[in-house]
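This is coords.cif (mmCIF, C-alpha atoms).
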```
data_query
loop_
_atom_site.label_atom_id
_atom_site.label_comp_id
_atom_site.auth_asym_id
_atom_site.auth_seq_id
_atom_site.Cartn_x
_atom_site.Cartn_y
_atom_site.Cartn_z
CA MET L 158 -24.53 -33.07 44.45
CA LYS L 159 -21.25 -31.18 45.01
CA PRO L 160 -18.47 -31.65 42.43
CA MET L 161 -16.18 -33.52 44.84
CA GLU L 162 -18.99 -35.90 45.84
CA LEU L 163 -19.73 -36.53 42.19
CA ILE L 164 -16.08 -37.36 41.55
CA GLU L 165 -15.83 -39.62 44.60
CA GLN L 166 -19.04 -41.47 43.83
CA GLY L 167 -17.95 -42.29 40.28
CA ARG L 168 -14.31 -43.04 41.04
CA PHE L 169 -14.85 -46.82 40.84
CA LEU L 170 -16.24 -46.45 37.31
CA GLY L 171 -13.04 -44.69 36.25
CA GLU L 172 -10.92 -47.40 37.88
CA GLU L 173 -12.89 -50.18 36.21
CA PHE L 174 -12.71 -48.37 32.87
CA LEU L 175 -8.91 -48.26 33.14
CA LEU L 176 -8.92 -51.95 33.93
CA TRP L 177 -11.22 -52.64 30.98
CA LEU L 178 -8.86 -50.69 28.66
CA TRP L 179 -5.96 -52.65 30.10
CA MET L 180 -7.71 -55.97 29.50
CA ARG L 181 -8.77 -55.12 25.95
CA GLY L 182 -5.27 -53.88 25.17
CA LEU L 183 -3.83 -57.27 26.05
CA ALA L 184 -6.67 -59.58 25.12
CA GLU L 185 -8.33 -57.89 22.14
CA GLY L 186 -5.47 -56.06 20.45
CA GLY L 187 -6.65 -52.78 21.96
CA THR L 188 -9.80 -52.63 19.84
CA SER L 189 -12.95 -51.01 21.15
CA GLY L 190 -15.17 -53.82 19.88
CA LEU L 191 -17.27 -51.29 18.00
CA GLU L 192 -18.09 -51.94 14.37
CA GLY L 193 -15.99 -49.96 11.92
CA ASP L 194 -13.64 -48.62 14.58
CA GLN L 195 -10.05 -49.25 13.50
CA SER L 196 -8.39 -47.52 16.44
CA ALA L 197 -6.43 -49.29 19.14
CA CYS L 198 -5.74 -48.39 22.75
CA PHE L 199 -3.20 -49.87 25.13
CA VAL L 200 -2.03 -49.36 28.67
CA ASP L 201 1.60 -48.37 28.24
CA ASP L 202 4.65 -48.38 30.51
CA SER L 203 3.31 -46.74 33.66
CA VAL L 204 0.55 -47.86 36.02
CA GLN L 205 -0.31 -46.68 39.51
CA LEU L 206 -2.39 -49.04 41.65
CA VAL L 207 -4.09 -48.11 44.91
CA THR L 208 -6.02 -49.71 47.71
CA GLU L 209 -7.41 -48.65 51.05
CA ARG L 210 -6.59 -51.99 52.69
CA GLY L 211 -3.33 -53.75 53.47
CA ASP L 212 0.15 -52.52 54.32
CA VAL L 213 0.89 -51.12 50.87
CA LYS L 214 -1.60 -48.45 49.80
CA GLU L 215 0.00 -47.45 46.53
CA LEU L 216 2.09 -49.27 43.99
CA SER L 217 3.74 -47.57 41.01
CA LEU L 218 4.93 -49.82 38.23
CA ARG L 219 6.99 -48.06 35.58
CA LYS L 220 9.30 -48.80 32.67
CA GLY L 221 9.57 -52.20 31.04
CA ASN L 222 6.18 -53.80 30.58
CA PRO L 223 4.14 -53.28 33.77
CA ALA L 224 0.81 -54.03 32.05
CA GLU L 225 1.84 -57.66 31.55
CA SER L 226 3.87 -58.06 34.72
CA ARG L 227 3.19 -60.61 37.41
CA GLU L 228 3.55 -57.81 40.01
CA ALA L 229 0.60 -55.99 38.48
CA PHE L 230 -1.65 -59.04 38.31
CA GLU L 231 -0.77 -60.07 41.85
CA ALA L 232 -1.65 -56.59 43.10
CA LEU L 233 -4.91 -56.51 41.12
CA SER L 234 -5.90 -59.93 42.39
CA ARG L 235 -5.37 -58.67 45.96
CA GLY L 236 -7.94 -55.96 45.28
CA MET L 237 -5.69 -53.07 44.23
CA ARG L 238 -7.27 -50.85 41.58
CA PRO L 239 -5.71 -48.69 38.87
CA ALA L 240 -5.68 -45.00 39.82
CA LYS L 241 -3.63 -43.78 36.86
CA ALA L 242 -2.17 -45.34 33.76
CA LYS L 243 -0.21 -44.17 30.78
CA VAL L 244 -2.30 -44.85 27.70
CA ARG L 245 -1.30 -45.13 24.05
CA LEU L 246 -4.01 -44.56 21.47
CA LEU L 247 -3.53 -45.29 17.77
CA SER L 248 -5.72 -44.45 14.80
CA GLY L 249 -4.35 -44.66 11.26
CA ASP L 250 -0.95 -42.99 11.37
CA MET L 251 -1.85 -40.84 14.36
CA GLU L 252 -0.81 -41.50 17.94
CA TRP L 253 -1.84 -39.96 21.25
CA THR L 254 -0.11 -40.76 24.52
CA PHE L 255 -1.30 -39.51 27.90
CA THR L 256 -1.76 -40.42 31.52
CA LEU L 257 -5.38 -41.08 32.36
CA GLY L 258 -6.55 -40.59 35.94
CA ALA L 259 -9.42 -42.75 37.15
CA ALA L 260 -11.09 -40.36 39.60
CA GLY L 261 -11.89 -37.50 37.24
CA LEU L 262 -10.80 -39.02 33.91
CA GLU L 263 -8.20 -36.28 33.95
CA ILE L 264 -5.60 -36.17 31.19
CA SER L 265 -2.00 -35.27 31.89
CA THR L 266 1.21 -35.20 29.83
CA LEU L 267 -0.84 -35.52 26.67
CA LYS L 268 1.23 -35.74 23.53
CA LEU L 269 -0.80 -35.01 20.42
CA PRO L 270 0.00 -36.13 16.87
CA PRO L 271 2.15 -33.54 15.06
CA THR L 272 0.50 -30.59 13.31
CA GLN L 273 1.48 -28.98 10.01
CA SER L 274 0.37 -25.39 10.60
CA LYS L 275 3.02 -22.77 11.19
CA ASP L 276 0.90 -19.85 12.43
CA ASN L 277 -0.65 -19.61 15.91
CA GLN L 278 -4.25 -19.65 14.71
CA GLY L 279 -3.73 -22.72 12.52
CA ARG L 280 -1.75 -24.54 15.19
CA VAL L 281 -4.30 -24.03 17.91
CA ALA L 282 -7.16 -25.06 15.57
CA ASP L 283 -5.25 -28.20 14.55
CA ARG L 284 -4.39 -29.07 18.13
CA LEU L 285 -7.96 -28.60 19.34
CA PHE L 286 -9.16 -30.83 16.50
CA LEU L 287 -6.60 -33.50 17.40
CA LEU L 288 -7.49 -33.19 21.08
CA GLU L 289 -11.16 -33.75 20.34
CA GLU L 290 -10.38 -36.58 17.93
CA GLY L 291 -8.34 -38.40 20.58
CA MET L 292 -10.94 -37.83 23.26
CA ALA L 293 -13.69 -39.07 20.92
CA HIS L 294 -11.82 -42.38 20.60
CA LEU L 295 -11.57 -42.57 24.37
CA GLU L 296 -15.23 -41.64 24.88
CA ARG L 297 -16.38 -44.30 22.42
CA ARG L 298 -14.54 -46.81 24.55
CA PHE L 299 -16.02 -45.41 27.76
CA GLU L 300 -19.46 -45.74 26.21
CA ALA L 301 -18.79 -49.35 25.17
CA PHE L 302 -17.52 -50.11 28.67
CA LEU L 303 -20.56 -48.49 30.30
CA THR L 304 -22.94 -50.39 28.06
CA ALA L 305 -21.38 -53.70 29.07
CA ARG L 306 -21.14 -52.54 32.68
CA THR L 307 -24.85 -51.71 32.93
CA GLN L 308 -26.30 -54.42 30.68
CA ASP L 309 -24.42 -57.39 32.07
CA PRO L 310 -22.46 -56.40 35.17
CA ASP L 311 -22.03 -59.99 36.40
CA GLY L 312 -20.76 -61.08 32.99
CA LEU L 313 -18.22 -58.27 32.81
CA GLN L 314 -17.06 -58.89 36.37
CA GLU L 315 -16.52 -62.56 35.56
CA THR L 316 -14.64 -61.67 32.35
CA LEU L 317 -12.32 -59.37 34.33
CA ARG L 318 -11.81 -61.98 37.05
CA ALA L 319 -11.02 -64.67 34.46
CA TRP L 320 -8.53 -62.30 32.81
CA LEU L 321 -6.87 -61.65 36.17
CA ARG L 322 -6.57 -65.39 36.77
CA GLN L 323 -4.96 -65.78 33.35
CA GLY L 324 -2.63 -62.92 34.15
CA LEU L 325 -1.52 -64.61 37.34
CA GLU L 326 -0.75 -67.73 35.35
CA GLY L 327 1.24 -65.70 32.80
CA LEU L 328 -1.28 -66.40 30.05
CA VAL L 329 -1.99 -62.85 28.89
CA GLY L 330 -0.09 -60.52 26.59
CA ALA L 331 2.36 -60.91 23.77
CA GLY L 332 4.45 -63.58 25.47
CA ALA L 333 1.54 -65.83 26.39
CA GLY L 334 1.83 -69.30 24.89
CA ASP L 335 5.16 -68.50 23.26
CA LEU L 336 7.26 -70.43 25.71
CA PRO L 337 8.90 -73.40 24.02
CA TRP L 338 7.76 -75.89 26.65
CA GLN L 339 4.18 -74.81 26.12
CA GLY L 340 4.25 -75.49 22.38
CA MET Y 99 2.95 -26.55 28.11
CA SER Y 100 0.13 -24.88 26.23
CA LEU Y 101 -2.61 -25.30 23.68
CA LEU Y 102 -0.09 -24.04 21.15
CA GLN Y 103 2.78 -26.48 21.68
CA GLY Y 104 4.22 -29.24 23.81
CA THR Y 105 2.52 -31.71 26.10
CA LEU Y 106 -0.76 -30.84 27.77
CA SER Y 107 -2.37 -31.56 31.11
CA LEU Y 108 -6.07 -30.97 30.87
CA ARG Y 109 -9.26 -31.00 32.86
CA ARG Y 110 -12.65 -30.98 31.24
CA PHE Y 111 -15.75 -29.27 32.60
CA LEU Y 112 -19.35 -29.27 31.59
CA VAL Y 113 -20.68 -25.72 31.22
CA MET Y 114 -24.13 -25.36 32.78
CA GLY Y 115 -26.12 -22.30 31.78
CA PRO Y 116 -27.09 -20.26 28.73
CA VAL Y 117 -24.36 -19.65 26.16
CA PRO Y 118 -23.51 -15.93 26.11
CA THR Y 119 -23.60 -13.91 22.92
CA GLU Y 120 -20.21 -12.87 21.57
CA ALA Y 121 -20.79 -9.36 22.94
CA ASP Y 122 -21.63 -10.70 26.42
CA LEU Y 123 -18.63 -13.01 26.32
CA LEU Y 124 -16.26 -10.16 25.49
CA GLU Y 125 -17.90 -7.95 28.10
CA GLY Y 126 -17.38 -10.66 30.75
CA LEU Y 127 -13.72 -10.93 29.75
CA ARG Y 128 -13.31 -7.15 29.87
CA GLN Y 129 -15.12 -6.72 33.18
CA ASP Y 130 -12.96 -9.32 34.93
CA ALA Y 131 -9.77 -8.77 32.96
CA PHE Y 132 -6.53 -9.22 34.86
CA ARG Y 133 -5.36 -6.00 36.49
CA PRO Y 134 -1.84 -5.68 37.91
CA PHE Y 135 -1.17 -5.13 41.62
CA GLU Y 136 -1.27 -1.62 42.96
CA ASP Y 137 -0.29 -0.31 46.39
CA GLY Y 138 -1.63 -2.17 49.38
CA LEU Y 139 -1.30 -5.51 51.09
CA GLU Y 140 -2.96 -7.66 48.42
CA GLU Y 141 -0.98 -10.83 47.76
CA GLU Y 142 -3.06 -12.49 45.07
CA ARG Y 143 -4.83 -11.25 41.94
CA LEU Y 144 -6.65 -13.02 39.18
CA GLY Y 145 -8.40 -12.18 35.95
CA TRP Y 146 -8.67 -13.01 32.26
CA CYS Y 147 -5.90 -12.36 29.76
CA ASP Y 148 -5.09 -13.26 26.17
CA TRP Y 149 -4.08 -16.88 25.51
CA ARG Y 150 -1.10 -15.82 23.37
CA ASN Y 151 0.45 -13.34 25.78
CA LEU Y 152 -0.28 -12.85 29.47
CA LEU Y 153 0.42 -9.13 29.22
CA ILE Y 154 -2.52 -8.58 26.85
CA SER Y 155 -5.46 -7.90 29.12
CA PRO Y 156 -8.38 -7.96 28.48
CA PRO Y 157 -7.99 -10.64 25.82
CA ASP Y 158 -7.83 -9.37 22.23
CA ALA Y 159 -11.37 -9.78 20.82
CA ASP Y 160 -10.02 -10.81 17.42
CA TRP Y 161 -8.26 -13.79 18.96
CA VAL Y 162 -10.89 -15.01 21.42
CA SER Y 163 -13.19 -16.66 18.87
CA GLN Y 164 -11.55 -19.59 17.13
CA GLU Y 165 -14.22 -21.42 15.13
CA ARG Y 166 -16.70 -22.75 17.71
CA PHE Y 167 -14.30 -22.19 20.61
CA ALA Y 168 -13.70 -19.18 22.79
CA ILE Y 169 -10.06 -19.21 23.87
CA PHE Y 170 -8.58 -17.12 26.62
CA SER Y 171 -6.46 -17.53 29.75
CA LEU Y 172 -6.86 -17.19 33.48
CA ARG Y 173 -3.95 -15.30 35.00
CA MET Y 174 -3.27 -15.64 38.72
CA ASP Y 175 -0.48 -13.56 40.18
CA THR Y 176 0.94 -13.95 43.66
CA ARG Y 177 3.45 -11.76 45.43
CA LYS Y 178 4.92 -12.50 48.79
CA VAL Y 179 7.49 -10.83 51.00
CA PRO Y 180 9.87 -13.44 52.42
CA ALA Y 181 8.92 -13.87 56.10
CA ALA Y 182 12.51 -13.67 57.35
CA LEU Y 183 13.12 -10.42 55.48
CA LEU Y 184 9.89 -8.87 56.75
CA LYS Y 185 10.68 -9.85 60.33
CA ALA Y 186 14.20 -8.40 60.11
CA ARG Y 187 12.97 -5.12 58.58
CA VAL Y 188 10.23 -4.71 61.18
CA GLU Y 189 12.71 -5.40 63.96
CA LEU Y 190 15.09 -2.67 62.72
CA ARG Y 191 12.22 -0.21 62.24
CA LEU Y 192 10.97 -0.86 65.79
CA GLN Y 193 14.45 -0.29 67.21
CA SER Y 194 14.89 3.01 65.39
CA LEU Y 195 11.40 4.13 66.40
CA GLN Y 196 12.10 3.35 70.07
CA LYS Y 197 15.35 5.27 69.87
CA GLU Y 198 13.87 8.22 68.00
CA LYS Y 199 10.90 8.65 70.33
CA ASP Y 200 12.73 7.44 73.45
CA LEU Y 201 10.17 4.74 74.14
CA ALA Y 202 10.70 1.84 76.52
CA PHE Y 203 7.99 -0.27 74.89
CA ILE Y 204 5.86 -0.30 71.74
CA GLY Y 205 2.31 -1.66 72.06
CA LYS Y 206 0.87 -4.54 70.08
CA GLU Y 207 -1.38 -2.42 67.88
CA ALA Y 208 1.44 -0.09 66.93
CA ARG Y 209 3.66 -3.10 66.15
CA ILE Y 210 0.98 -4.58 63.83
CA SER Y 211 0.47 -1.24 62.12
CA LEU Y 212 4.22 -0.83 61.62
CA ALA Y 213 4.52 -4.40 60.27
CA ASP Y 214 1.74 -3.69 57.74
CA GLU Y 215 3.46 -0.48 56.71
CA VAL Y 216 6.78 -2.27 56.16
CA LYS Y 217 5.04 -5.11 54.33
CA ALA Y 218 3.28 -2.65 51.97
CA GLU Y 219 6.63 -0.96 51.25
CA LEU Y 220 8.30 -4.28 50.48
CA LEU Y 221 5.39 -5.66 48.44
CA VAL Y 222 5.83 -2.85 45.93
CA LYS Y 223 9.37 -4.06 45.33
CA VAL Y 224 8.42 -7.72 44.94
CA LEU Y 225 7.98 -8.96 41.38
CA PRO Y 226 4.73 -10.98 41.15
CA THR Y 227 4.81 -14.63 40.12
CA PRO Y 228 2.26 -15.16 37.35
CA ARG Y 229 0.52 -18.48 36.72
CA VAL Y 230 -1.45 -18.82 33.51
CA SER Y 231 -4.04 -21.48 32.71
CA GLU Y 232 -5.53 -21.66 29.27
CA VAL Y 233 -9.24 -22.10 28.68
CA ALA Y 234 -10.89 -23.42 25.49
CA TRP Y 235 -14.66 -23.16 25.75
CA ASP Y 236 -16.61 -25.14 23.17
CA LEU Y 237 -19.61 -22.84 22.94
CA LYS Y 238 -21.66 -25.24 20.83
CA GLY Y 239 -20.82 -28.42 22.72
CA GLY Y 240 -21.13 -26.87 26.20
CA MET Y 241 -17.72 -28.21 27.18
CA LEU Y 242 -14.64 -26.46 28.51
CA TRP Y 243 -11.03 -27.59 28.44
CA THR Y 244 -8.49 -26.02 30.74
CA THR Y 245 -4.84 -26.49 31.56
CA ALA Y 246 -5.62 -25.51 35.19
CA SER Y 247 -4.48 -28.62 37.01
CA SER Y 248 -4.29 -27.68 40.69
CA SER Y 249 -7.49 -27.70 42.74
CA LYS Y 250 -6.77 -24.10 43.85
CA THR Y 251 -6.61 -22.84 40.27
CA GLN Y 252 -9.66 -24.87 39.30
CA SER Y 253 -11.64 -23.36 42.20
CA ALA Y 254 -10.53 -19.88 41.12
CA LEU Y 255 -11.58 -20.64 37.54
CA ILE Y 256 -15.00 -21.93 38.61
CA GLY Y 257 -15.56 -18.83 40.79
CA LEU Y 258 -14.50 -16.27 38.20
CA PHE Y 259 -16.31 -18.07 35.39
CA ILE Y 260 -19.69 -17.85 37.10
CA LYS Y 261 -19.03 -14.20 37.96
CA SER Y 262 -18.07 -13.24 34.40
CA PHE Y 263 -20.45 -15.38 32.33
CA GLY Y 264 -23.16 -16.58 34.74
CA CYS Y 265 -22.38 -20.22 33.86
CA GLU Y 266 -21.52 -22.99 36.30
CA LEU Y 267 -18.66 -25.41 35.67
CA GLN Y 268 -18.99 -29.08 36.67
CA PRO Y 269 -15.91 -31.34 36.46
CA LEU Y 270 -16.54 -34.01 33.84
CA ALA Y 271 -15.89 -36.98 36.12
CA PRO Y 272 -16.99 -40.55 35.22
CA LEU Y 273 -20.59 -40.25 36.48
CA LEU Y 274 -21.28 -36.99 34.67
CA LEU Y 275 -19.65 -38.22 31.45
CA ALA Y 276 -21.65 -41.45 31.71
CA GLY Y 277 -24.89 -39.48 32.00
CA ARG Y 278 -23.92 -37.42 28.96
CA LEU Y 279 -22.84 -40.36 26.79
CA LEU Y 280 -25.68 -42.68 27.74
CA PRO Y 281 -28.73 -40.52 28.40
CA ARG Y 282 -30.94 -43.61 27.95
CA ILE Y 283 -29.58 -45.01 31.21
CA PRO Y 284 -31.21 -43.30 34.19
CA VAL Y 285 -28.81 -41.52 36.56
CA GLU Y 286 -30.26 -43.58 39.45
CA ALA Y 287 -29.18 -46.77 37.67
CA LEU Y 288 -25.63 -45.43 37.33
CA MET Y 289 -25.55 -44.22 40.93
CA GLY Y 290 -26.86 -47.60 42.10
CA LEU Y 291 -24.00 -49.58 40.57
CA ASP Y 292 -21.71 -51.35 43.03
CA PRO Y 293 -17.97 -51.55 42.42
CA PHE Y 294 -16.76 -54.89 41.04
CA ASP Y 295 -15.25 -57.34 43.46
CA LEU Y 296 -12.02 -58.38 41.78
CA ASN Y 297 -10.24 -59.64 44.86
CA LEU Y 298 -9.32 -63.22 43.95
CA GLU Y 299 -7.71 -63.93 47.31
CA MET Y 300 -11.06 -63.67 49.06
CA ALA Y 301 -12.65 -66.18 46.69
#
```

Let me see the file written as structure tokens.
Amino acid sequence: MKPMELIEQGRFLGEEFLLWLWMRGLAEGGTSGLEGDQSACFVDDSVQLVTERGDVKELSLRKGNPAESREAFEALSRGMRPAKAKVRLLSGDMEWTFTLGAAGLEISTLKLPPTQSKDNQGRVADRLFLLEEGMAHLERRFEAFLTARTQDPDGLQETLRAWLRQGLEGLVGAGAGDLPWQG
Amino acid sequence: MSLLQGTLSLRRFLVMGPVPTEADLLEGLRQDAFRPFEDGLEEERLGWCDWRNLLISPPDADWVSQERFAIFSLRMDTRKVPAALLKARVELRLQSLQKEKDLAFIGKEARISLADEVKAELLVKVLPTPRVSEVAWDLKGGMLWTTASSSKTQSALIGLFIKSFGCELQPLAPLLLAGRLLPRIPVEALMGLDPFDLNLEMA
């Protein structure tokens, strides 16, 4: 199979992975669900949604809190899918932020945790280590997503649909249930 | 934006093929090292250079191997004569040629040949625009990171990589990564998955 065909054929897996990260960020405190893993991953303040149907083909939600916004959940419930999202990954006192593309799992504007080395050789070694460390956290999550996706696809689809319904009702994220009239 | 500092935009590739020895790796880098433009009509050149400085070509052998990584850069230079300037120069040259030789008309072939001549003269004066993409090849893990983000640069990287090292590069997209992370799941099972239907309006 040619590289472009391979990318196109797996695009939906990248989109669903972004959605899964998004859901776990809001519903599970960003954890991977894997034993012993203390890292956390959240969709941050920029999301791009796409669809092939309808009048609007692309929707960019930026600044503020797009991951919890009604606009995002309305678009997702109409069948729009995440094409790119800014992701924040935390492990101990280290933080990685980057934009993750769904089609090729491409990484852009990656900000690595700071390094201590002053010389070129030390800096590049440190940065490669940090790059691999961050990507290992992401890959562990991709693996957990794929396991759920292949073992119980109907269950995962229903979980995502239920989460979207909750999102439409304003019941996901930090503000959910905090409204005084709901107490 | 580089492996050394600042933010990074990266693509990851799976390297398919036998890992070269250090000597073969350095020979590949030397053989296809970046070479500056010379006379002629060439508008694009590419080759390997050092990751620390684009003027060091071929890459310095002492700096290529960094633990289990081989680090170097792909340098792509372009030079272009502005179309309006070329047209104006050719026009003036044609006029002076007609006057000098007392010609009423200059044929198409002669016009093309004159335009090429003028273009070659101007190209020598044009400073090339270099574009550098870093490459970090994990020789043990069979993975390659690159800052080449445009599809044109990626295609150039894939082409030169196979020429220099005899290894093919496959973009590490979701399906390929899935196959690598979960080898117990057959590829057919992954390929047979249908996208989720998350459209609640249709329900």

Output as a short mmCIF file (atom, residue, chain, number, x, y, z; two decimals) with C-alpha atoms, in the frame of the given file the set of chain Y residues within 10 Å of chain L, with distances taken over all atoms listed in the file.
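Output contents, as saved in part_20.cif:
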```
data_model
loop_
_atom_site.label_atom_id
_atom_site.label_comp_id
_atom_site.auth_asym_id
_atom_site.auth_seq_id
_atom_site.Cartn_x
_atom_site.Cartn_y
_atom_site.Cartn_z
CA MET Y 99 2.95 -26.55 28.11
CA SER Y 100 0.13 -24.88 26.23
CA LEU Y 101 -2.61 -25.30 23.68
CA LEU Y 102 -0.09 -24.04 21.15
CA GLN Y 103 2.78 -26.48 21.68
CA GLY Y 104 4.22 -29.24 23.81
CA THR Y 105 2.52 -31.71 26.10
CA LEU Y 106 -0.76 -30.84 27.77
CA SER Y 107 -2.37 -31.56 31.11
CA LEU Y 108 -6.07 -30.97 30.87
CA ARG Y 109 -9.26 -31.00 32.86
CA ARG Y 110 -12.65 -30.98 31.24
CA ARG Y 150 -1.10 -15.82 23.37
CA TRP Y 161 -8.26 -13.79 18.96
CA GLN Y 164 -11.55 -19.59 17.13
CA GLU Y 165 -14.22 -21.42 15.13
CA PHE Y 167 -14.30 -22.19 20.61
CA ILE Y 169 -10.06 -19.21 23.87
CA ALA Y 234 -10.89 -23.42 25.49
CA TRP Y 243 -11.03 -27.59 28.44
CA THR Y 245 -4.84 -26.49 31.56
CA SER Y 247 -4.48 -28.62 37.01
CA LEU Y 267 -18.66 -25.41 35.67
CA GLN Y 268 -18.99 -29.08 36.67
CA PRO Y 269 -15.91 -31.34 36.46
CA LEU Y 270 -16.54 -34.01 33.84
CA ALA Y 271 -15.89 -36.98 36.12
CA PRO Y 272 -16.99 -40.55 35.22
CA LEU Y 273 -20.59 -40.25 36.48
CA LEU Y 274 -21.28 -36.99 34.67
CA LEU Y 275 -19.65 -38.22 31.45
CA ALA Y 276 -21.65 -41.45 31.71
CA ARG Y 278 -23.92 -37.42 28.96
CA LEU Y 279 -22.84 -40.36 26.79
CA LEU Y 280 -25.68 -42.68 27.74
CA ILE Y 283 -29.58 -45.01 31.21
CA ALA Y 287 -29.18 -46.77 37.67
CA LEU Y 288 -25.63 -45.43 37.33
CA MET Y 289 -25.55 -44.22 40.93
CA LEU Y 291 -24.00 -49.58 40.57
CA ASP Y 292 -21.71 -51.35 43.03
CA PRO Y 293 -17.97 -51.55 42.42
CA PHE Y 294 -16.76 -54.89 41.04
CA ASP Y 295 -15.25 -57.34 43.46
CA LEU Y 296 -12.02 -58.38 41.78
CA ASN Y 297 -10.24 -59.64 44.86
CA LEU Y 298 -9.32 -63.22 43.95
CA GLU Y 299 -7.71 -63.93 47.31
CA MET Y 300 -11.06 -63.67 49.06
#
```

Name all residues at most 12 Å from Thr119 in chain Y (count all atoms listed in the file; drop same-chain ones fewer than 5 positions away) and give them as a compact mmCIF listing (two decimals) with C-alpha atoms, keeping the file's coordinate frame.
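Contents of around_34.txt, freshly written:
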```
# COMPACT_ATOMS: atom_id res chain seq x y z
CA LEU Y 124 -16.26 -10.16 25.49
CA GLU Y 125 -17.90 -7.95 28.10
CA GLY Y 126 -17.38 -10.66 30.75
CA SER Y 163 -13.19 -16.66 18.87
CA ALA Y 168 -13.70 -19.18 22.79
CA LEU Y 237 -19.61 -22.84 22.94
CA LYS Y 238 -21.66 -25.24 20.83
CA PHE Y 263 -20.45 -15.38 32.33
```

Legend entry - Selection under test: the PyMOL selection byres ((chain L and resi 196) around 6); residues as a PyMOL selection string: chain L and resi 194-195+197+247-248

Inset, instruction - Record the distance separating CA of Lys243 in chain L and CA of Phe199 in chain L, expressed in Å with one decimal. - result: 8.6 Å

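Distance-wise, CA of Asp148 in chain Y and CA of Val162 in chain Y end up 7.7 Å apart.
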
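If you measure from each of Y:Arg191, Y:Ser171, Y:Gly264, Y:Ser253 to Val233 in chain Y using all atoms listed in the file, the closest one turns out to be Y:Ser171.
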
Inset, instruction - Determine the residue set returned by the PyMOL selection byres ((chain L and resi 186) around 12) for the present structure, and present it as a PyMOL selection string. - result: chain L and resi 178-185+187-190+195-200+246-247+329-331

Kindly save the residues from that selection, with C-alpha atoms included, as a PDB file, keeping the file's coordinate frame.
```
ATOM      1  CA  LEU L 178      -8.860 -50.690  28.660  1.00  0.00           C
ATOM      2  CA  TRP L 179      -5.960 -52.650  30.100  1.00  0.00           C
ATOM      3  CA  MET L 180      -7.710 -55.970  29.500  1.00  0.00           C
ATOM      4  CA  ARG L 181      -8.770 -55.120  25.950  1.00  0.00           C
ATOM      5  CA  GLY L 182      -5.270 -53.880  25.170  1.00  0.00           C
ATOM      6  CA  LEU L 183      -3.830 -57.270  26.050  1.00  0.00           C
ATOM      7  CA  ALA L 184      -6.670 -59.580  25.120  1.00  0.00           C
ATOM      8  CA  GLU L 185      -8.330 -57.890  22.140  1.00  0.00           C
ATOM      9  CA  GLY L 187      -6.650 -52.780  21.960  1.00  0.00           C
ATOM     10  CA  THR L 188      -9.800 -52.630  19.840  1.00  0.00           C
ATOM     11  CA  SER L 189     -12.950 -51.010  21.150  1.00  0.00           C
ATOM     12  CA  GLY L 190     -15.170 -53.820  19.880  1.00  0.00           C
ATOM     13  CA  GLN L 195     -10.050 -49.250  13.500  1.00  0.00           C
ATOM     14  CA  SER L 196      -8.390 -47.520  16.440  1.00  0.00           C
ATOM     15  CA  ALA L 197      -6.430 -49.290  19.140  1.00  0.00           C
ATOM     16  CA  CYS L 198      -5.740 -48.390  22.750  1.00  0.00           C
ATOM     17  CA  PHE L 199      -3.200 -49.870  25.130  1.00  0.00           C
ATOM     18  CA  VAL L 200      -2.030 -49.360  28.670  1.00  0.00           C
ATOM     19  CA  LEU L 246      -4.010 -44.560  21.470  1.00  0.00           C
ATOM     20  CA  LEU L 247      -3.530 -45.290  17.770  1.00  0.00           C
ATOM     21  CA  VAL L 329      -1.990 -62.850  28.890  1.00  0.00           C
ATOM     22  CA  GLY L 330      -0.090 -60.520  26.590  1.00  0.00           C
ATOM     23  CA  ALA L 331       2.360 -60.910  23.770  1.00  0.00           C
TER      24      ALA L 331
END
```

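What separates CA of Arg177 in chain Y from CA of Leu225 in chain Y is a distance of 6.7 Å.
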
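Compared by their closest atoms to Thr227 in chain Y, and using all atoms listed in the file, the residues Y:Trp146, Y:Leu123, Y:Phe170, Y:Thr176 rank with Y:Thr176 nearest.
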
Adding 3 Å on each side of the box along x, y and z that holds all listed atoms of range 241-250 of chain Y, could you give its centre and edge lengths in Å to one decimal, as JSON?
```
{"center_x": -11.0, "center_y": -26.4, "center_z": 35.5, "size_x": 19.4, "size_y": 10.5, "size_z": 22.7}
```

Legend entry - Close residues, range 208-222 of chain Y itself excluded, 12 Å, all atoms listed in the file, min 6 positions apart in chain, as number ranges by chain: Y: 134-142, 176-196
